[in-house]
>>> print(open('structure36.cif').read())   # mmCIF, C-alpha atoms and all ligand atoms
data_coords
#
loop_
_atom_site.label_atom_id
_atom_site.label_comp_id
_atom_site.auth_asym_id
_atom_site.auth_seq_id
_atom_site.Cartn_x
_atom_site.Cartn_y
_atom_site.Cartn_z
CA MET A 1 14.48 -6.42 -32.02
CA SER A 2 11.07 -5.00 -31.25
CA SER A 3 8.56 -4.84 -34.05
CA SER A 4 6.75 -1.54 -34.22
CA THR A 5 3.60 -2.99 -35.74
CA GLU A 6 1.35 -2.86 -32.74
CA TRP A 7 -1.75 -5.02 -32.73
CA PRO A 8 -4.93 -2.94 -32.95
CA LEU A 9 -6.74 -1.86 -29.81
CA TRP A 10 -10.15 -3.31 -28.92
CA GLU A 11 -12.76 -2.11 -26.43
CA VAL A 12 -14.23 -4.87 -24.30
CA PHE A 13 -17.84 -4.99 -23.09
CA VAL A 14 -18.95 -7.65 -20.63
CA ARG A 15 -22.44 -8.81 -19.71
CA SER A 16 -22.02 -9.84 -16.08
CA ARG A 17 -25.32 -11.69 -15.76
CA ARG A 18 -28.20 -12.62 -18.00
CA GLY A 19 -30.72 -9.82 -17.89
CA LEU A 20 -28.09 -7.05 -17.70
CA SER A 21 -26.61 -5.12 -20.60
CA HIS A 22 -22.99 -5.28 -21.65
CA THR A 23 -20.83 -2.77 -19.80
CA HIS A 24 -17.49 -1.37 -20.84
CA ALA A 25 -14.76 -3.27 -18.98
CA GLY A 26 -11.57 -1.91 -20.56
CA SER A 27 -9.45 -2.43 -23.62
CA LEU A 28 -6.75 -4.71 -24.95
CA HIS A 29 -4.58 -5.36 -27.98
CA ALA A 30 -5.19 -8.31 -30.27
CA PRO A 31 -4.36 -9.16 -33.87
CA ASP A 32 -7.93 -10.05 -34.79
CA ALA A 33 -11.46 -10.29 -33.41
CA GLU A 34 -11.21 -13.91 -32.40
CA MET A 35 -8.02 -13.38 -30.43
CA ALA A 36 -9.51 -10.22 -28.92
CA LEU A 37 -12.40 -12.31 -27.57
CA ARG A 38 -10.07 -14.92 -26.11
CA ASN A 39 -7.81 -12.31 -24.57
CA ALA A 40 -10.85 -10.51 -23.17
CA ARG A 41 -12.02 -13.72 -21.56
CA ASP A 42 -8.62 -14.23 -19.91
CA LEU A 43 -8.23 -10.60 -18.92
CA TYR A 44 -11.69 -9.55 -17.79
CA THR A 45 -13.51 -12.72 -16.71
CA ARG A 46 -10.95 -14.70 -14.70
CA ARG A 47 -13.44 -14.90 -11.83
CA SER A 48 -16.61 -15.62 -13.79
CA GLU A 49 -17.40 -11.90 -14.11
CA GLY A 50 -19.20 -12.44 -17.39
CA VAL A 51 -21.56 -14.59 -19.39
CA SER A 52 -21.06 -12.78 -22.69
CA ILE A 53 -18.38 -10.53 -24.20
CA TRP A 54 -18.37 -8.02 -27.05
CA VAL A 55 -15.15 -6.72 -28.56
CA VAL A 56 -15.15 -3.65 -30.81
CA PRO A 57 -12.16 -2.15 -32.62
CA SER A 58 -11.47 1.08 -30.72
CA ALA A 59 -10.96 2.91 -34.00
CA GLN A 60 -14.57 2.15 -34.95
CA ILE A 61 -16.06 4.06 -32.05
CA THR A 62 -17.43 7.52 -32.75
CA ALA A 63 -17.67 9.62 -29.60
CA SER A 64 -19.18 12.98 -28.80
CA SER A 65 -16.64 15.68 -28.08
CA PRO A 66 -16.14 16.77 -24.47
CA ASP A 67 -15.53 20.30 -25.76
CA GLU A 68 -19.08 20.50 -27.07
CA LYS A 69 -20.52 18.78 -24.05
CA ASP A 70 -22.59 21.76 -22.98
CA SER A 71 -24.04 22.67 -26.35
CA PHE A 72 -24.43 19.05 -27.42
CA PHE A 73 -26.54 18.08 -24.43
CA GLU A 74 -28.13 21.48 -23.94
CA PRO A 75 -31.41 20.66 -25.75
CA ALA A 76 -32.43 18.35 -22.88
CA GLY A 77 -31.50 20.90 -20.23
CA ASP A 78 -34.61 23.08 -20.38
CA LYS A 79 -37.23 20.35 -20.58
CA PRO A 80 -38.04 19.48 -16.98
CA TYR A 81 -41.54 18.51 -18.14
CA ARG A 82 -40.01 15.27 -19.40
CA HIS A 83 -39.70 14.15 -15.78
CA PRO A 84 -42.64 12.84 -13.75
CA THR A 85 -41.66 15.07 -10.82
CA PHE A 86 -42.57 18.13 -12.92
CA TYR A 87 -46.28 17.54 -12.32
CA ASP A 88 -48.32 18.48 -9.25
CA ILE A 89 -50.83 15.83 -8.38
CA PRO A 90 -53.34 16.30 -5.56
CA GLU A 91 -52.63 14.50 -2.34
CA GLY A 92 -54.22 11.08 -2.08
CA VAL A 93 -54.41 10.27 -5.79
CA LYS A 94 -53.09 6.77 -6.11
CA HIS A 95 -51.28 4.67 -8.74
CA LEU A 96 -50.05 7.74 -10.62
CA MET B 1 9.90 48.39 -44.32
CA ALA B 2 6.94 46.24 -43.46
CA THR B 3 4.09 46.13 -45.92
CA ALA B 4 0.46 46.54 -44.97
CA ALA B 5 -0.05 42.84 -45.55
CA GLU B 6 2.75 42.02 -43.12
CA HIS B 7 1.18 44.29 -40.49
CA GLN B 8 -2.05 42.47 -41.08
CA THR B 9 -0.36 39.09 -40.50
CA ALA B 10 1.37 40.29 -37.34
CA ARG B 11 -1.91 41.55 -35.95
CA SER B 12 -3.81 38.38 -36.70
CA GLU B 13 -1.01 36.33 -35.13
CA ALA B 14 -1.29 38.43 -31.99
CA ASP B 15 -5.07 37.97 -32.03
CA GLN B 16 -4.57 34.28 -32.47
CA ALA B 17 -2.15 34.11 -29.53
CA ALA B 18 -4.57 36.04 -27.34
CA ALA B 19 -7.43 33.74 -28.35
CA ASP B 20 -5.29 30.66 -27.59
CA ALA B 21 -4.35 32.04 -24.18
CA ALA B 22 -8.00 32.74 -23.40
CA ARG B 23 -8.99 29.23 -24.44
CA THR B 24 -6.23 27.68 -22.31
CA ALA B 25 -7.32 29.78 -19.34
CA ALA B 26 -10.92 28.61 -19.79
CA HIS B 27 -9.78 24.99 -20.11
CA THR B 28 -7.58 25.27 -17.04
CA ALA B 29 -10.42 26.77 -15.02
CA ALA B 30 -12.77 23.95 -16.09
CA PHE B 31 -10.14 21.34 -15.25
CA ASP B 32 -9.39 22.86 -11.83
CA ALA B 33 -13.11 23.09 -11.05
CA ALA B 34 -13.67 19.45 -11.99
CA VAL B 35 -10.78 18.30 -9.78
CA ALA B 36 -11.93 20.52 -6.91
CA ALA B 37 -15.46 19.10 -7.18
CA ASP B 38 -14.03 15.55 -7.03
CA GLU B 39 -15.24 14.84 -10.53
CA ARG B 40 -13.23 12.49 -12.69
CA ILE B 41 -11.14 13.62 -15.64
CA GLU B 42 -11.82 11.41 -18.65
CA PRO B 43 -9.53 10.61 -21.59
CA ARG B 44 -10.80 13.15 -24.11
CA ASP B 45 -11.13 16.02 -21.63
CA TRP B 46 -8.65 18.85 -21.82
CA MET B 47 -5.96 18.46 -19.16
CA PRO B 48 -2.69 20.28 -18.41
CA ASP B 49 0.30 18.73 -20.21
CA ALA B 50 2.07 18.22 -16.88
CA TYR B 51 -0.94 16.34 -15.47
CA ARG B 52 -0.94 14.04 -18.49
CA ALA B 53 2.83 13.49 -18.31
CA SER B 54 2.73 12.83 -14.58
CA LEU B 55 -0.05 10.27 -14.98
CA VAL B 56 1.70 8.49 -17.85
CA ARG B 57 4.86 8.28 -15.75
CA GLN B 58 3.03 6.95 -12.69
CA ILE B 59 0.72 4.53 -14.51
CA ALA B 60 3.56 3.20 -16.66
CA GLN B 61 5.74 2.62 -13.62
CA HIS B 62 2.82 0.90 -11.93
CA ALA B 63 2.17 -1.32 -14.98
CA HIS B 64 5.86 -2.23 -15.24
CA SER B 65 5.87 -3.16 -11.55
CA GLU B 66 2.97 -5.55 -12.04
CA ILE B 67 4.65 -7.48 -14.84
CA ILE B 68 8.16 -7.44 -13.38
CA GLY B 69 6.54 -8.53 -10.11
CA MET B 70 5.54 -11.79 -11.76
CA GLN B 71 9.17 -12.93 -11.82
CA PRO B 72 10.14 -13.38 -8.17
CA GLU B 73 7.04 -15.44 -7.46
CA ALA B 74 6.97 -17.35 -10.73
CA ASN B 75 10.39 -18.55 -9.62
CA TRP B 76 8.58 -20.88 -7.18
CA ILE B 77 5.71 -22.19 -9.32
CA THR B 78 7.46 -25.41 -10.29
CA ARG B 79 8.57 -25.97 -6.70
CA ALA B 80 5.36 -25.19 -4.83
CA PRO B 81 4.92 -27.68 -1.99
CA SER B 82 1.47 -28.90 -3.04
CA LEU B 83 -0.85 -28.86 -6.01
CA ARG B 84 -3.13 -26.52 -4.07
CA ARG B 85 -0.36 -23.98 -3.47
CA LYS B 86 0.79 -24.32 -7.06
CA ALA B 87 -2.66 -23.61 -8.50
CA ILE B 88 -3.01 -20.60 -6.17
CA LEU B 89 0.40 -19.23 -7.11
CA MET B 90 -0.28 -19.60 -10.82
CA ALA B 91 -3.58 -17.76 -10.41
CA LYS B 92 -1.85 -14.98 -8.50
CA VAL B 93 0.94 -14.55 -11.01
CA GLN B 94 -1.62 -14.54 -13.82
CA ASP B 95 -3.53 -11.81 -11.97
CA GLU B 96 -0.39 -9.69 -11.85
CA ALA B 97 -0.11 -9.99 -15.63
CA GLY B 98 -3.73 -8.85 -15.81
CA HIS B 99 -2.99 -5.88 -13.55
CA GLY B 100 -0.18 -4.86 -15.87
CA LEU B 101 -2.54 -5.02 -18.84
CA TYR B 102 -5.30 -2.97 -17.15
CA LEU B 103 -2.71 -0.34 -16.36
CA TYR B 104 -1.06 -0.26 -19.79
CA SER B 105 -4.55 0.26 -21.23
CA ALA B 106 -5.13 3.15 -18.83
CA ALA B 107 -1.82 4.72 -19.90
CA GLU B 108 -2.82 4.35 -23.53
CA THR B 109 -5.95 6.43 -22.98
CA LEU B 110 -3.51 9.30 -22.35
CA GLY B 111 -1.88 8.87 -25.74
CA ALA B 112 1.04 6.63 -24.79
CA SER B 113 1.61 3.60 -27.01
CA ARG B 114 2.10 0.09 -25.65
CA ASP B 115 5.27 -0.50 -27.68
CA GLU B 116 6.77 2.76 -26.53
CA LEU B 117 6.06 1.95 -22.87
CA LEU B 118 7.64 -1.49 -23.16
CA ASP B 119 10.66 0.00 -24.93
CA LYS B 120 11.10 2.44 -22.07
CA LEU B 121 10.96 -0.36 -19.54
CA HIS B 122 13.42 -2.49 -21.49
CA SER B 123 15.87 0.38 -21.95
CA GLY B 124 15.63 1.47 -18.31
CA ARG B 125 14.09 4.86 -19.12
CA GLN B 126 11.06 4.03 -17.00
CA LYS B 127 11.24 2.35 -13.62
CA TYR B 128 9.36 -0.32 -11.75
CA SER B 129 8.99 -0.78 -8.02
CA SER B 130 12.34 -1.54 -6.37
CA ILE B 131 10.79 -4.26 -4.23
CA PHE B 132 11.03 -6.69 -7.14
CA ASN B 133 14.80 -6.40 -7.21
CA TYR B 134 15.03 -8.60 -4.13
CA PRO B 135 15.40 -12.37 -4.55
CA THR B 136 12.91 -15.05 -3.44
CA LEU B 137 15.28 -17.38 -1.61
CA THR B 138 12.84 -19.83 -0.03
CA TRP B 139 9.25 -20.96 -0.41
CA ALA B 140 8.35 -18.79 2.59
CA ASP B 141 9.20 -15.72 0.50
CA VAL B 142 6.10 -16.38 -1.57
CA GLY B 143 3.98 -16.13 1.56
CA ALA B 144 5.85 -13.06 2.81
CA ILE B 145 5.39 -11.34 -0.54
CA GLY B 146 1.66 -12.03 -0.53
CA TRP B 147 1.25 -10.75 2.99
CA LEU B 148 3.66 -7.79 3.01
CA VAL B 149 4.31 -6.76 -0.58
CA ASP B 150 0.74 -7.19 -1.78
CA GLY B 151 -0.38 -5.75 1.55
CA ALA B 152 1.69 -2.61 1.02
CA ALA B 153 0.45 -2.43 -2.56
CA ILE B 154 -3.15 -2.58 -1.35
CA THR B 155 -2.52 0.21 1.15
CA ASN B 156 -1.15 2.30 -1.72
CA GLN B 157 -3.82 1.32 -4.21
CA VAL B 158 -7.05 1.64 -2.25
CA PRO B 159 -6.86 5.47 -2.25
CA LEU B 160 -6.00 5.35 -5.98
CA CYS B 161 -9.50 3.99 -6.60
CA ARG B 162 -10.57 7.63 -6.03
CA CYS B 163 -7.82 9.11 -8.21
CA SER B 164 -8.94 12.07 -10.34
CA TYR B 165 -8.19 10.30 -13.61
CA GLY B 166 -11.14 8.03 -14.46
CA PRO B 167 -9.43 5.16 -16.32
CA TYR B 168 -6.70 4.86 -13.66
CA ALA B 169 -9.26 4.87 -10.85
CA ARG B 170 -11.35 2.21 -12.60
CA ALA B 171 -8.32 0.01 -13.21
CA MET B 172 -7.49 0.31 -9.50
CA VAL B 173 -10.97 -0.80 -8.45
CA ARG B 174 -10.50 -3.96 -10.48
CA VAL B 175 -6.97 -4.48 -9.17
CA CYS B 176 -7.93 -3.97 -5.52
CA LYS B 177 -10.70 -6.55 -5.75
CA GLU B 178 -8.14 -9.10 -6.90
CA GLU B 179 -5.38 -8.09 -4.52
CA SER B 180 -7.23 -9.15 -1.42
CA PHE B 181 -6.95 -12.78 -2.54
CA HIS B 182 -3.21 -12.25 -3.01
CA GLN B 183 -2.73 -10.99 0.49
CA ARG B 184 -4.89 -13.64 2.14
CA GLN B 185 -3.26 -16.55 0.36
CA GLY B 186 0.16 -15.24 1.42
CA TYR B 187 -0.93 -14.86 5.00
CA GLU B 188 -2.44 -18.34 5.08
CA SER B 189 0.70 -19.84 3.59
CA LEU B 190 2.93 -18.09 6.14
CA LEU B 191 0.63 -19.16 8.95
CA ALA B 192 0.93 -22.80 7.87
CA LEU B 193 4.71 -22.49 8.01
CA SER B 194 4.72 -20.60 11.26
CA ARG B 195 2.62 -23.32 12.90
CA GLY B 196 4.63 -26.10 11.23
CA THR B 197 7.91 -27.66 12.23
CA GLU B 198 10.66 -25.67 13.86
CA ALA B 199 12.49 -25.44 10.54
CA GLN B 200 9.35 -24.22 8.75
CA HIS B 201 8.74 -21.61 11.42
CA ALA B 202 12.32 -20.40 11.12
CA MET B 203 11.96 -20.19 7.36
CA ALA B 204 8.82 -18.06 7.72
CA GLN B 205 10.55 -15.77 10.22
CA ASP B 206 13.57 -15.41 7.96
CA ALA B 207 11.37 -14.41 5.03
CA VAL B 208 9.57 -11.78 7.13
CA ASP B 209 12.93 -10.51 8.37
CA ARG B 210 14.09 -9.95 4.80
CA TRP B 211 10.85 -8.53 3.32
CA TRP B 212 9.75 -6.21 6.11
CA TRP B 213 12.02 -3.23 5.46
CA PRO B 214 11.83 -3.34 1.66
CA SER B 215 8.02 -3.42 2.04
CA LEU B 216 8.12 -0.22 4.09
CA MET B 217 10.24 1.35 1.35
CA MET B 218 7.49 0.60 -1.18
CA PHE B 219 5.68 3.73 0.01
CA GLY B 220 8.45 5.84 -1.42
CA PRO B 221 10.81 8.36 0.12
CA PRO B 222 9.80 10.36 3.21
CA ASP B 223 7.41 13.22 2.50
CA ASP B 224 10.06 15.92 2.68
CA GLU B 225 12.13 14.18 -0.02
CA SER B 226 9.37 13.05 -2.34
CA SER B 227 9.67 14.99 -5.57
CA HIS B 228 6.27 14.44 -7.18
CA SER B 229 4.09 14.20 -4.11
CA GLU B 230 2.79 17.70 -3.58
CA GLN B 231 1.65 18.33 -7.13
CA SER B 232 0.06 14.86 -7.27
CA MET B 233 -1.91 15.66 -4.13
CA THR B 234 -3.15 18.94 -5.61
CA TRP B 235 -4.29 17.08 -8.70
CA LYS B 236 -5.89 14.42 -6.50
CA ILE B 237 -3.91 11.69 -8.20
CA LYS B 238 -2.53 10.95 -4.76
CA ARG B 239 -4.78 11.24 -1.74
CA HIS B 240 -2.36 10.55 1.11
CA SER B 241 1.31 11.20 1.66
CA ASN B 242 3.95 8.45 1.57
CA ASP B 243 4.57 8.65 5.32
CA GLU B 244 0.87 8.58 6.11
CA LEU B 245 0.36 5.38 4.10
CA ARG B 246 3.51 3.82 5.52
CA GLN B 247 2.23 4.48 9.06
CA ARG B 248 -1.15 2.98 8.19
CA PHE B 249 0.57 -0.14 6.89
CA VAL B 250 2.75 -0.56 9.99
CA ASP B 251 -0.30 -0.21 12.25
CA ILE B 252 -2.16 -2.85 10.24
CA CYS B 253 0.76 -5.29 10.21
CA VAL B 254 1.66 -5.36 13.89
CA PRO B 255 -1.39 -7.31 15.10
CA GLN B 256 -1.31 -9.48 11.98
CA ALA B 257 2.28 -10.48 12.78
CA GLU B 258 1.21 -11.35 16.31
CA SER B 259 -1.51 -13.65 15.03
CA LEU B 260 1.05 -15.24 12.74
CA GLY B 261 3.32 -15.90 15.68
CA LEU B 262 6.15 -14.07 13.90
CA THR B 263 8.06 -10.96 14.90
CA LEU B 264 8.74 -7.90 12.81
CA PRO B 265 12.49 -7.22 12.63
CA ASP B 266 12.43 -3.80 14.26
CA PRO B 267 13.53 -3.37 17.90
CA ASP B 268 12.15 0.19 17.88
CA LEU B 269 8.65 -0.88 16.94
CA VAL B 270 6.44 0.19 19.82
CA TRP B 271 2.90 1.47 20.37
CA ASN B 272 2.79 5.19 21.00
CA GLU B 273 -0.27 5.93 23.09
CA GLU B 274 -0.04 9.66 22.49
CA ARG B 275 0.09 9.45 18.71
CA GLY B 276 -2.29 6.51 18.55
CA HIS B 277 0.17 4.86 16.17
CA HIS B 278 3.17 2.58 16.29
CA ASP B 279 6.56 4.21 16.34
CA PHE B 280 9.05 2.38 14.19
CA GLY B 281 12.79 2.41 13.49
CA ALA B 282 14.63 4.45 10.88
CA ILE B 283 14.52 3.18 7.32
CA ASP B 284 17.82 2.70 5.53
CA TRP B 285 17.23 5.05 2.62
CA THR B 286 20.73 4.58 1.24
CA GLU B 287 19.68 1.01 0.46
CA PHE B 288 16.51 2.28 -1.20
CA TRP B 289 18.36 4.71 -3.45
CA ALA B 290 21.02 2.12 -4.30
CA VAL B 291 18.39 -0.41 -5.40
CA LEU B 292 16.51 2.28 -7.30
CA LYS B 293 19.68 3.26 -9.16
CA GLY B 294 20.13 -0.30 -10.33
CA ASN B 295 22.35 -1.79 -7.64
CA GLY B 296 19.88 -4.13 -5.97
CA PRO B 297 20.49 -7.88 -5.85
CA CYS B 298 18.34 -8.67 -8.92
CA ASN B 299 17.98 -5.53 -11.07
CA GLU B 300 20.06 -6.97 -13.89
CA GLN B 301 18.36 -10.36 -13.77
CA ARG B 302 14.82 -8.93 -13.81
CA ILE B 303 15.30 -6.66 -16.78
CA THR B 304 17.26 -9.25 -18.74
CA GLN B 305 14.55 -11.83 -18.21
CA ARG B 306 11.91 -9.30 -19.29
CA ARG B 307 13.81 -8.39 -22.46
CA ASN B 308 14.38 -12.05 -23.29
CA ALA B 309 10.71 -12.88 -22.78
CA HIS B 310 9.77 -10.02 -25.09
CA GLU B 311 12.24 -11.00 -27.78
CA GLU B 312 11.51 -14.69 -27.58
CA GLY B 313 7.80 -13.92 -27.91
CA ALA B 314 8.32 -11.88 -31.06
CA TRP B 315 7.66 -14.80 -33.40
CA VAL B 316 4.31 -15.45 -31.71
CA ARG B 317 3.24 -11.84 -32.17
CA GLU B 318 4.37 -11.88 -35.77
CA ALA B 319 2.66 -15.18 -36.53
CA ALA B 320 -0.61 -13.96 -35.01
CA ALA B 321 -0.41 -10.73 -37.00
CA ALA B 322 0.33 -12.67 -40.20
CA PHE B 323 -2.59 -14.99 -39.55
CA ALA B 324 -4.90 -12.05 -38.95
CA ALA B 325 -3.69 -10.29 -42.10
CA LYS B 326 -4.21 -13.42 -44.17
CA HIS B 327 -7.76 -13.78 -42.93
CA GLY B 328 -8.38 -10.11 -43.55
CA GLU B 329 -9.66 -9.42 -40.07
CA ALA B 330 -7.05 -7.09 -38.66
CA LYS B 331 -8.24 -3.49 -38.47
CA ALA B 332 -5.10 -1.44 -38.87
FE FE A 401 -1.00 -6.60 -8.69
FE FE A 402 -0.91 -8.73 -6.19
#
>>> encode(input="structure36.cif", output="structure tokens")
Amino acid sequence: MSSSTEWPLWEVFVRSRRGLSHTHAGSLHAPDAEMALRNARDLYTRRSEGVSIWVVPSAQITASSPDEKDSFFEPAGDKPYRHPTFYDIPEGVKHL
Amino acid sequence: MATAAEHQTARSEADQAAADAARTAAHTAAFDAAVAADERIEPRDWMPDAYRASLVRQIAQHAHSEIIGMQPEANWITRAPSLRRKAILMAKVQDEAGHGLYLYSAAETLGASRDELLDKLHSGRQKYSSIFNYPTLTWADVGAIGWLVDGAAITNQVPLCRCSYGPYARAMVRVCKEESFHQRQGYESLLALSRGTEAQHAMAQDAVDRWWWPSLMMFGPPDDESSHSEQSMTWKIKRHSNDELRQRFVDICVPQAESLGLTLPDPDLVWNEERGHHDFGAIDWTEFWAVLKGNGPCNEQRITQRRNAHEEGAWVREAAAAFAAKHGEAKA
């Protein structure tokens, strides 16, 4: 008999080295946060790929919608002056 | 006679249908453009239903293969000839479990549920690679599997790292990194046997004799008989045809076999200067189809063992869920 009560899904984030941020590694099922951490260690760091792990219930993540991708990110699209390459600086000016 | 209100409804339904069709056309165009530009499709993007279904089928079958593939090798863990080989084999089999889990997660991003996928495996509605329906008769089979079966898997999987579906491609990157250890340990183990006593050498040769042809079958039916290939290539799920990958694998294996001091069991295997590839003998596809349909030496055994493992593990899953519920941590 298979029980249909699936364990919740968790997203796993791994910090590969001190000094780097946690990066999404994948997901897994676990009954609770503690087991999710242990499973994440066994699943995503079998070769010392991490020094720290975060697990987050997948259901708790709020994501932007790909359908609105254009309008959602559009405000940044017409502001090239936010980039240093926007500015013309005379030849020979240093440390700028 | 229709009332004015009914006319109104009919018109707005037609408008609605037209609007839906326009939206689907726009979505399809965006999807096709992304695939053409070699961009990745991500889980929440719109995608054609057939693309989603095809990916779920392929990823599920791949995941099932990883976990069923644990069985033939696990068969030798308790009888490994040294502690070193035993530790290596355990690590490899554990990796295969990990590969299954990466892939099940990738399938779940497409809306499949883990329980449903396992049910389909257990009831035979989804398949796993036929290679795992062959028995591991001697210790040398463990080496032959690492060299040939993992080798064929790598040849298949490297191009999948560039598959159009992001989560599948990322899972493959992780898998491929781990597979190279699998192949090398198998090769090293076979080499030790090949250079060992006469009996050990014979055992290595026997294992290669039995695993060679089934390994070539791992690439699937010939291109002109492969039902899903063409569409998968258009969608950039697949990047190379079955025959192309099979040829690549043969060309890679020939010199490796020479270095092993073992022969590949194919009298027709010969270098073809003109093609720049090895010619090789005809594959017995009747055997392939028979094994696929369930008539291989171990089909029954593999699926029974999988079902038993799942059922006998039920109390562990239930206990863990009960513990989590009691401590109020489980997020339903
Ligand atoms: Fe694997
Ligand atoms: Fe492997």
>>> interface_residues(input="structure36.cif", of="chain B", to="chain A", cutoff="10 Å", atoms="all atoms listed in the file", output="PyMOL selection string")
chain B and resi 27+42-46+91+94-95+97-99+101-106+108-109+113-116+118-119+167+170-171+174+178+307+310-312+314+317-325+327-332
>>> write_last_selection(input="structure36.cif", atoms="C-alpha atoms", output="JSON list (two decimals), keeping the file's coordinate frame")
[["chain", "number", "residue", "atom", "x", "y", "z"],
["B", 27, "HIS", "CA", -9.78, 24.99, -20.11],
["B", 42, "GLU", "CA", -11.82, 11.41, -18.65],
["B", 43, "PRO", "CA", -9.53, 10.61, -21.59],
["B", 44, "ARG", "CA", -10.80, 13.15, -24.11],
["B", 45, "ASP", "CA", -11.13, 16.02, -21.63],
["B", 46, "TRP", "CA", -8.65, 18.85, -21.82],
["B", 91, "ALA", "CA", -3.58, -17.76, -10.41],
["B", 94, "GLN", "CA", -1.62, -14.54, -13.82],
["B", 95, "ASP", "CA", -3.53, -11.81, -11.97],
["B", 97, "ALA", "CA", -0.11, -9.99, -15.63],
["B", 98, "GLY", "CA", -3.73, -8.85, -15.81],
["B", 99, "HIS", "CA", -2.99, -5.88, -13.55],
["B", 101, "LEU", "CA", -2.54, -5.02, -18.84],
["B", 102, "TYR", "CA", -5.30, -2.97, -17.15],
["B", 103, "LEU", "CA", -2.71, -0.34, -16.36],
["B", 104, "TYR", "CA", -1.06, -0.26, -19.79],
["B", 105, "SER", "CA", -4.55, 0.26, -21.23],
["B", 106, "ALA", "CA", -5.13, 3.15, -18.83],
["B", 108, "GLU", "CA", -2.82, 4.35, -23.53],
["B", 109, "THR", "CA", -5.95, 6.43, -22.98],
["B", 113, "SER", "CA", 1.61, 3.60, -27.01],
["B", 114, "ARG", "CA", 2.10, 0.09, -25.65],
["B", 115, "ASP", "CA", 5.27, -0.50, -27.68],
["B", 116, "GLU", "CA", 6.77, 2.76, -26.53],
["B", 118, "LEU", "CA", 7.64, -1.49, -23.16],
["B", 119, "ASP", "CA", 10.66, 0.00, -24.93],
["B", 167, "PRO", "CA", -9.43, 5.16, -16.32],
["B", 170, "ARG", "CA", -11.35, 2.21, -12.60],
["B", 171, "ALA", "CA", -8.32, 0.01, -13.21],
["B", 174, "ARG", "CA", -10.50, -3.96, -10.48],
["B", 178, "GLU", "CA", -8.14, -9.10, -6.90],
["B", 307, "ARG", "CA", 13.81, -8.39, -22.46],
["B", 310, "HIS", "CA", 9.77, -10.02, -25.09],
["B", 311, "GLU", "CA", 12.24, -11.00, -27.78],
["B", 312, "GLU", "CA", 11.51, -14.69, -27.58],
["B", 314, "ALA", "CA", 8.32, -11.88, -31.06],
["B", 317, "ARG", "CA", 3.24, -11.84, -32.17],
["B", 318, "GLU", "CA", 4.37, -11.88, -35.77],
["B", 319, "ALA", "CA", 2.66, -15.18, -36.53],
["B", 320, "ALA", "CA", -0.61, -13.96, -35.01],
["B", 321, "ALA", "CA", -0.41, -10.73, -37.00],
["B", 322, "ALA", "CA", 0.33, -12.67, -40.20],
["B", 323, "PHE", "CA", -2.59, -14.99, -39.55],
["B", 324, "ALA", "CA", -4.90, -12.05, -38.95],
["B", 325, "ALA", "CA", -3.69, -10.29, -42.10],
["B", 327, "HIS", "CA", -7.76, -13.78, -42.93],
["B", 328, "GLY", "CA", -8.38, -10.11, -43.55],
["B", 329, "GLU", "CA", -9.66, -9.42, -40.07],
["B", 330, "ALA", "CA", -7.05, -7.09, -38.66],
["B", 331, "LYS", "CA", -8.24, -3.49, -38.47],
["B", 332, "ALA", "CA", -5.10, -1.44, -38.87]]
>>> residues_near_ligand(input="structure36.cif", ligand="ligand FE 402 (chain A)", cutoff="9 Å", atoms="all atoms listed in the file", output="MDAnalysis selection string")
chainID B and resid 66 69 92:93 95:96 99 145:146 149:151 153:154 175:176 178:183
>>> write_last_selection(input="structure36.cif", atoms="C-alpha atoms", output="PDB file, keeping the file's coordinate frame")
ATOM      1  CA  GLU B  66       2.970  -5.550 -12.040  1.00  0.00           C
ATOM      2  CA  GLY B  69       6.540  -8.530 -10.110  1.00  0.00           C
ATOM      3  CA  LYS B  92      -1.850 -14.980  -8.500  1.00  0.00           C
ATOM      4  CA  VAL B  93       0.940 -14.550 -11.010  1.00  0.00           C
ATOM      5  CA  ASP B  95      -3.530 -11.810 -11.970  1.00  0.00           C
ATOM      6  CA  GLU B  96      -0.390  -9.690 -11.850  1.00  0.00           C
ATOM      7  CA  HIS B  99      -2.990  -5.880 -13.550  1.00  0.00           C
ATOM      8  CA  ILE B 145       5.390 -11.340  -0.540  1.00  0.00           C
ATOM      9  CA  GLY B 146       1.660 -12.030  -0.530  1.00  0.00           C
ATOM     10  CA  VAL B 149       4.310  -6.760  -0.580  1.00  0.00           C
ATOM     11  CA  ASP B 150       0.740  -7.190  -1.780  1.00  0.00           C
ATOM     12  CA  GLY B 151      -0.380  -5.750   1.550  1.00  0.00           C
ATOM     13  CA  ALA B 153       0.450  -2.430  -2.560  1.00  0.00           C
ATOM     14  CA  ILE B 154      -3.150  -2.580  -1.350  1.00  0.00           C
ATOM     15  CA  VAL B 175      -6.970  -4.480  -9.170  1.00  0.00           C
ATOM     16  CA  CYS B 176      -7.930  -3.970  -5.520  1.00  0.00           C
ATOM     17  CA  GLU B 178      -8.140  -9.100  -6.900  1.00  0.00           C
ATOM     18  CA  GLU B 179      -5.380  -8.090  -4.520  1.00  0.00           C
ATOM     19  CA  SER B 180      -7.230  -9.150  -1.420  1.00  0.00           C
ATOM     20  CA  PHE B 181      -6.950 -12.780  -2.540  1.00  0.00           C
ATOM     21  CA  HIS B 182      -3.210 -12.250  -3.010  1.00  0.00           C
ATOM     22  CA  GLN B 183      -2.730 -10.990   0.490  1.00  0.00           C
TER      23      GLN B 183
END
>>> closest_residue(input="structure36.cif", among="B:Ala18, B:Leu262, B:Ala80, B:Ala63", to="ligand FE 401 (chain A)", atoms="only C-alpha atoms and all ligand atoms")
B:Ala63
